[in-house]
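Engineer: Below is structure_26.csv; it holds CSV, C-alpha atoms.
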```
chain,number,residue,atom,x,y,z
P,21,MET,CA,0.0,0.0,0.0
P,22,GLY,CA,2.9,2.4,0.2
P,23,THR,CA,3.4,5.0,3.0
P,24,GLN,CA,-0.1,6.3,3.7
P,25,THR,CA,-2.0,6.8,6.9
P,26,MET,CA,-4.9,4.8,8.0
P,27,TRP,CA,-8.2,5.9,9.4
P,28,VAL,CA,-10.6,4.1,11.8
P,29,ASP,CA,-14.4,4.7,11.7
P,30,SER,CA,-15.0,4.7,15.4
P,31,GLU,CA,-18.8,4.4,15.1
P,32,ARG,CA,-18.5,1.1,13.3
P,33,CYS,CA,-15.5,-0.3,15.3
P,34,THR,CA,-16.5,-3.2,17.5
P,35,GLY,CA,-13.2,-3.3,19.4
P,36,CYS,CA,-12.5,-7.0,18.4
P,37,GLY,CA,-8.8,-6.4,18.4
P,38,ALA,CA,-8.1,-8.3,15.1
P,39,CYS,CA,-6.2,-5.2,13.8
P,40,ILE,CA,-4.0,-5.1,16.9
P,41,GLU,CA,-2.8,-8.6,16.4
P,42,VAL,CA,-1.7,-8.1,12.7
P,43,CYS,CA,-0.1,-4.7,13.0
P,44,PRO,CA,3.7,-5.4,12.5
P,45,VAL,CA,4.8,-2.2,14.2
P,46,GLY,CA,2.2,-2.1,17.1
P,47,ALA,CA,0.7,1.2,15.9
P,48,ILE,CA,-2.8,0.2,16.9
P,49,ALA,CA,-4.3,0.2,20.4
P,50,LEU,CA,-7.7,0.0,21.9
P,51,VAL,CA,-8.9,3.2,23.6
P,52,ASN,CA,-12.3,3.1,25.2
P,53,GLY,CA,-13.1,-0.1,23.4
P,54,LYS,CA,-12.3,1.3,20.0
P,55,ALA,CA,-9.2,0.9,17.8
P,56,ARG,CA,-7.0,4.0,17.5
P,57,ILE,CA,-4.0,4.3,15.2
P,58,ASP,CA,-0.8,6.1,16.1
P,59,GLU,CA,-0.1,8.0,12.9
P,60,GLU,CA,3.6,8.5,13.7
P,61,ALA,CA,4.2,4.8,14.3
P,62,CYS,CA,2.0,3.6,11.4
P,63,THR,CA,4.0,2.6,8.3
P,64,GLY,CA,0.9,2.3,6.1
P,65,CYS,CA,1.4,-1.4,5.2
P,66,GLY,CA,-2.4,-2.0,5.1
P,67,ALA,CA,-2.4,-5.3,7.1
P,68,CYS,CA,-5.0,-3.9,9.5
P,69,VAL,CA,-7.3,-3.0,6.5
P,70,ASP,CA,-7.4,-6.6,5.4
P,71,ALA,CA,-7.7,-8.0,9.0
P,72,CYS,CA,-10.7,-5.8,10.1
P,73,PRO,CA,-13.9,-7.9,9.9
P,74,GLU,CA,-16.1,-4.8,10.0
P,75,GLY,CA,-14.2,-2.9,7.4
P,76,THR,CA,-13.8,0.1,9.7
P,77,ILE,CA,-10.1,0.7,8.9
P,78,GLN,CA,-9.5,2.5,5.6
P,79,PRO,CA,-6.5,4.2,4.0
P,80,VAL,CA,-6.7,8.0,3.9
P,81,VAL,CA,-6.7,9.2,0.3
P,82,GLN,CA,-4.7,12.3,-0.1
P,83,GLY,CA,-4.9,14.4,-3.2
P,84,GLU,CA,-3.1,17.5,-4.5
P,85,LEU,CA,-4.9,20.8,-4.7
P,86,VAL,CA,-4.2,22.6,-7.9
P,87,PRO,CA,-4.9,26.3,-8.0
P,88,ALA,CA,-7.2,27.6,-10.8
P,89,PRO,CA,-5.4,29.5,-13.6
P,90,VAL,CA,-5.1,33.2,-13.2
P,91,GLY,CA,-8.0,35.0,-14.9
P,92,ALA,CA,-10.2,31.9,-15.1
P,93,ARG,CA,-13.8,32.6,-14.7
P,94,SER,CA,-15.7,30.8,-12.0
P,95,PRO,CA,-18.6,28.7,-13.2
P,96,ARG,CA,-21.9,30.4,-12.8
P,97,PRO,CA,-25.0,28.4,-11.8
P,98,TYR,CA,-27.5,27.4,-14.5
P,99,GLN,CA,-30.4,29.8,-14.9
P,100,PRO,CA,-32.9,28.9,-17.5
P,101,GLY,CA,-34.0,31.6,-19.9
P,102,PRO,CA,-37.6,32.7,-20.5
P,103,LEU,CA,-37.9,30.4,-23.6
P,104,VAL,CA,-37.0,27.3,-21.5
P,105,GLU,CA,-39.6,28.2,-18.8
P,106,THR,CA,-42.3,28.7,-21.5
P,107,ALA,CA,-41.4,25.5,-23.3
P,108,GLY,CA,-41.6,23.6,-20.0
P,109,ALA,CA,-45.1,24.9,-19.4
P,110,ALA,CA,-46.1,24.0,-22.9
P,111,VAL,CA,-44.8,20.4,-22.4
P,112,VAL,CA,-46.9,20.1,-19.2
P,113,VAL,CA,-50.0,21.4,-20.9
P,114,THR,CA,-49.5,19.1,-23.9
P,115,GLY,CA,-48.9,16.1,-21.7
P,116,ALA,CA,-52.1,16.8,-19.7
P,117,GLY,CA,-54.1,17.0,-23.0
P,118,LEU,CA,-52.7,13.7,-24.2
P,119,LEU,CA,-53.5,12.1,-20.9
P,120,MET,CA,-57.1,13.3,-21.1
P,121,LYS,CA,-57.4,11.9,-24.7
P,122,ALA,CA,-56.0,8.6,-23.6
P,123,ALA,CA,-58.4,8.4,-20.6
P,124,SER,CA,-61.3,9.2,-22.8
P,125,ALA,CA,-60.4,6.5,-25.4
P,126,LEU,CA,-59.9,4.0,-22.7
P,127,THR,CA,-63.3,4.8,-21.2
P,128,ARG,CA,-65.0,4.4,-24.6
P,129,ALA,CA,-63.3,1.1,-25.2
P,130,LEU,CA,-64.4,-0.2,-21.8
P,131,ALA,CA,-67.9,1.0,-22.4
P,132,ARG,CA,-68.1,-0.8,-25.8
P,133,TRP,CA,-66.7,-4.0,-24.2
P,134,LEU,CA,-69.2,-3.9,-21.3
P,135,THR,CA,-72.1,-3.2,-23.7
P,136,ARG,CA,-71.1,-6.1,-25.9
P,137,ARG,CA,-70.9,-8.4,-23.0
P,138,SER,CA,-74.4,-7.5,-21.7
P,139,ALA,CA,-76.0,-7.8,-25.1
P,140,VAL,CA,-75.0,-11.4,-25.5
P,141,THR,CA,-78.0,-13.6,-24.4
P,142,ARG,CA,-77.4,-16.5,-22.1
P,143,PRO,CA,-79.2,-19.7,-22.9
P,144,SER,CA,-82.0,-20.7,-20.6
P,145,ALA,CA,-81.6,-23.9,-18.7
P,146,GLY,CA,-84.1,-25.9,-20.8
P,147,SER,CA,-83.6,-24.6,-24.3
P,148,GLY,CA,-80.4,-26.6,-25.2
P,149,THR,CA,-79.7,-24.2,-28.0
P,150,SER,CA,-78.2,-20.7,-28.0
P,151,PRO,CA,-77.4,-18.2,-30.7
P,152,ALA,CA,-74.1,-18.7,-32.6
P,153,VAL,CA,-72.9,-15.3,-31.5
P,154,ASP,CA,-72.9,-16.4,-27.9
P,155,ARG,CA,-70.7,-19.4,-28.4
P,156,GLY,CA,-68.7,-18.3,-31.4
P,157,ASP,CA,-69.9,-21.4,-33.2
P,158,THR,CA,-69.2,-22.2,-36.9
P,159,GLY,CA,-72.0,-23.1,-39.3
P,160,ARG,CA,-71.2,-26.8,-39.0
P,161,GLN,CA,-71.6,-26.8,-35.2
P,162,ARG,CA,-75.0,-25.0,-35.5
P,163,ARG,CA,-76.2,-27.5,-38.1
P,164,HIS,CA,-75.3,-30.5,-35.9
P,165,ARG,CA,-77.1,-28.9,-32.9
P,166,ARG,CA,-80.2,-28.4,-35.1
P,167,ARG,CA,-80.1,-32.0,-36.1
P,168,GLY,CA,-79.7,-33.2,-32.6
P,169,ARG,CA,-76.2,-34.6,-32.8
```
Go through the file and emit its structure as structure tokens.

Structural biologist:
Amino acid sequence: MGTQTMWVDSERCTGCGACIEVCPVGAIALVNGKARIDEEACTGCGACVDACPEGTIQPVVQGELVPAPVGARSPRPYQPGPLVETAGAAVVVTGAGLLMKAASALTRALARWLTRRSAVTRPSAGSGTSPAVDRGDTGRQRRHRRRGR
């Protein structure tokens, strides 16, 4: 891992001591039931990171701050123009109109289906025959029923 410092998440540390046993330089100690790393003694070998069952010990990632070039403009926050605001409202209105048309079409289709279902006559218990529309029969099946087959 190189020479980097390690960090302990004290809220997640259970104080099991697994990291203390594997540290080759003895830089880890339990303080108030939590692991604490002596940064001066730590060599950054990473043995404690692999040994911790809770994953509470992590390497500290250090980056380099690079100053912005002289004369560079700072980014300004996005502010939509009036056209964008108007277009957004138009999209909402159009979407609401399409939603209303779809709901109307669905209502008409459902009404047609329910009307068709109620118009179909059900055979009475003693008749033995029913209209071809009710069963979806073919001509041959109707003829056989008429002949008593």

Engineer: In Å to one decimal, how far is CA of Arg136 (chain P) from CA of Leu118 (chain P)?

Structural biologist: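 Answer for the CA of Leu118 (chain P) to CA of Arg136 (chain P) separation: 27.1 Å.
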
Engineer: Write out as a ChimeraX atom specification the residues lying within 12 Å of Gly64 (chain P), counting only C-alpha atoms and excluding same-chain residues fewer than 4 positions away.

Structural biologist: /P:21-27,43-48,57-60,68-69,77-81

Engineer: Rounded to one decimal place, report the CA of Cys33 (chain P)-CA of Gly83 (chain P) distance in Å.

Structural biologist: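 Taking CA of Cys33 (chain P) as the start and CA of Gly83 (chain P) as the end point, the length is 25.9 Å.
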
Engineer: Restricting the calculation to all atoms listed in the file, which member of P:Ala61, P:Ser30, P:Val112, P:Ala67 is positioned closest to Val42 (chain P)?

Structural biologist: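 The closest residue to Val42 (chain P) is P:Ala67.
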
Engineer: Rounded to one decimal in Å, what is the spacing between CA of Ala116 (chain P) and CA of Ala131 (chain P)?

Structural biologist: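 Pair CA of Ala116 (chain P) / CA of Ala131 (chain P) returns 22.5 Å.
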
Engineer: Could you give me, as a PDB file with C-alpha atoms, in the coordinates of the input, the residues within 12 Å of Glu74 (chain P), counting all atoms listed in the file and dropping anything in the same chain fewer than 2 positions from it?

Structural biologist:
```pdb
ATOM      1  CA  VAL P  28     -10.600   4.100  11.800  1.00  0.00           C
ATOM      2  CA  ASP P  29     -14.400   4.700  11.700  1.00  0.00           C
ATOM      3  CA  SER P  30     -15.000   4.700  15.400  1.00  0.00           C
ATOM      4  CA  GLU P  31     -18.800   4.400  15.100  1.00  0.00           C
ATOM      5  CA  ARG P  32     -18.500   1.100  13.300  1.00  0.00           C
ATOM      6  CA  CYS P  33     -15.500  -0.300  15.300  1.00  0.00           C
ATOM      7  CA  THR P  34     -16.500  -3.200  17.500  1.00  0.00           C
ATOM      8  CA  GLY P  35     -13.200  -3.300  19.400  1.00  0.00           C
ATOM      9  CA  CYS P  36     -12.500  -7.000  18.400  1.00  0.00           C
ATOM     10  CA  GLY P  37      -8.800  -6.400  18.400  1.00  0.00           C
ATOM     11  CA  ALA P  38      -8.100  -8.300  15.100  1.00  0.00           C
ATOM     12  CA  CYS P  39      -6.200  -5.200  13.800  1.00  0.00           C
ATOM     13  CA  ALA P  55      -9.200   0.900  17.800  1.00  0.00           C
ATOM     14  CA  CYS P  68      -5.000  -3.900   9.500  1.00  0.00           C
ATOM     15  CA  VAL P  69      -7.300  -3.000   6.500  1.00  0.00           C
ATOM     16  CA  ASP P  70      -7.400  -6.600   5.400  1.00  0.00           C
ATOM     17  CA  ALA P  71      -7.700  -8.000   9.000  1.00  0.00           C
ATOM     18  CA  CYS P  72     -10.700  -5.800  10.100  1.00  0.00           C
ATOM     19  CA  THR P  76     -13.800   0.100   9.700  1.00  0.00           C
ATOM     20  CA  ILE P  77     -10.100   0.700   8.900  1.00  0.00           C
ATOM     21  CA  GLN P  78      -9.500   2.500   5.600  1.00  0.00           C
TER      22      GLN P  78
END
```
